[in-house]
Amino acid sequence: MIKARSTFNFKIFSISFIIVMILSFLPQIGITEEGPYKYFGFPARWLGNLGQGDYSFELFGLLFNLALLYTLLIFFKKMIGAFKASLKRNNKSGSDT
């Protein structure tokens, strides 16, 4: 049976999810305070602590952060692959001389 190639990479998505969680709770990066309220998320806010046990959750902020980091990681993966391929070509052509 031939397995269809999926364009979605779960490993990269998992890495982007972990990075979003880490960046969201780092002081000076992901935590912003406006009066008594604290908001979490970088670059988009997706979680808010409104005090007295009240929280707000912004689904689109979380999805935006995940999509942005997923896209950046895919881009970096392709750039590294292209760089490695060019190094192989250069080493191969240099060894023929």
# chains A, B, ... in the order shown; residues from 1 in each chain; ligands from 1

call {"tool": "residues_around", "arguments": {"residues": "A:Ser24", "least_positions_apart": "4", "cutoff": "6 Å", "atoms": "only C-alpha atoms", "output": "PyMOL selection string"}}
result
chain A and resi 20+30+40-42

call {"tool": "write_last_selection", "arguments": {"atoms": "C-alpha atoms", "output": "compact mmCIF listing (two decimals), in the first residue's frame"}}
result
# COMPACT_ATOMS: atom_id res chain seq x y z
CA VAL A 20 4.92 28.93 21.81
CA GLY A 30 5.66 36.80 26.58
CA PHE A 40 0.56 35.85 28.01
CA GLY A 41 1.68 35.15 24.48
CA PHE A 42 4.24 36.21 21.92

call {"tool": "closest_residue", "arguments": {"among": "A:Pro43, A:Arg89, A:Ser14, A:Tyr37", "to": "A:Leu68", "atoms": "only C-alpha atoms"}}
result
A:Pro43

call {"tool": "select_by_dssp", "arguments": {"residues": "stretch 4-82 of chain A", "states": "strand (DSSP E)", "output": "ChimeraX atom specification"}}
result
/A:31-34,37-40,47-51,54-57

call {"tool": "select_by_dssp", "arguments": {"residues": "chain A", "states": "helix (DSSP H, G or I)", "output": "tab-separated table (two decimals) with C-alpha atoms, in the first residue's frame"}}
result
chain	number	residue	atom	x	y	z
A	10	PHE	CA	3.57	16.70	13.11
A	11	LYS	CA	7.12	16.78	14.51
A	12	ILE	CA	7.61	20.41	13.46
A	13	PHE	CA	4.14	21.28	14.76
A	14	SER	CA	5.03	19.75	18.15
A	15	ILE	CA	8.25	21.76	18.27
A	16	SER	CA	6.37	24.96	17.39
A	17	PHE	CA	3.80	24.23	20.13
A	18	ILE	CA	6.58	23.80	22.72
A	19	ILE	CA	8.25	27.04	21.57
A	20	VAL	CA	4.92	28.93	21.81
A	21	MET	CA	4.43	27.68	25.37
A	22	ILE	CA	7.97	28.62	26.41
A	23	LEU	CA	7.87	32.09	24.80
A	24	SER	CA	4.44	32.79	26.28
A	59	LEU	CA	-8.08	30.93	20.39
A	60	PHE	CA	-7.09	32.97	17.34
A	61	GLY	CA	-4.04	34.37	19.12
A	62	LEU	CA	-2.85	30.85	19.93
A	63	LEU	CA	-3.57	29.63	16.38
A	64	PHE	CA	-1.73	32.62	14.93
A	65	ASN	CA	1.33	31.97	17.08
A	66	LEU	CA	1.33	28.27	16.15
A	67	ALA	CA	0.91	28.99	12.44
A	68	LEU	CA	3.64	31.62	12.46
A	69	LEU	CA	6.19	29.43	14.23
A	70	TYR	CA	5.24	26.37	12.14
A	71	THR	CA	5.77	28.39	8.95
A	72	LEU	CA	9.11	29.76	10.19
A	73	LEU	CA	10.35	26.30	11.19
A	74	ILE	CA	9.36	24.84	7.80
A	75	PHE	CA	11.15	27.73	6.09
A	76	PHE	CA	14.31	27.20	8.17
A	77	LYS	CA	14.19	23.46	7.49
A	78	LYS	CA	14.03	24.08	3.74
A	79	MET	CA	16.83	26.64	3.90
A	80	ILE	CA	19.07	24.25	5.83
A	81	GLY	CA	18.27	21.46	3.34
A	82	ALA	CA	19.14	23.73	0.42
A	83	PHE	CA	22.36	24.81	2.13
A	84	LYS	CA	23.38	21.19	2.77
A	85	ALA	CA	22.59	20.27	-0.84
A	86	SER	CA	24.74	23.13	-2.14
A	87	LEU	CA	27.59	22.05	0.15
A	88	LYS	CA	27.36	18.50	-1.22
A	89	ARG	CA	27.39	19.79	-4.81
A	90	ASN	CA	30.40	22.01	-4.10
A	91	ASN	CA	32.30	19.21	-2.36
A	92	LYS	CA	31.48	16.77	-5.15
A	93	SER	CA	32.58	19.15	-7.93
A	94	GLY	CA	35.70	20.15	-5.99
A	95	SER	CA	36.82	16.54	-5.55

call {"tool": "residues_around", "arguments": {"residues": "A:Ser56", "least_positions_apart": "6", "cutoff": "12 Å", "atoms": "only C-alpha atoms", "output": "JSON, numbers by chain"}}
result
{"A": [37, 38, 39, 40, 45, 46, 47, 48, 49, 50]}
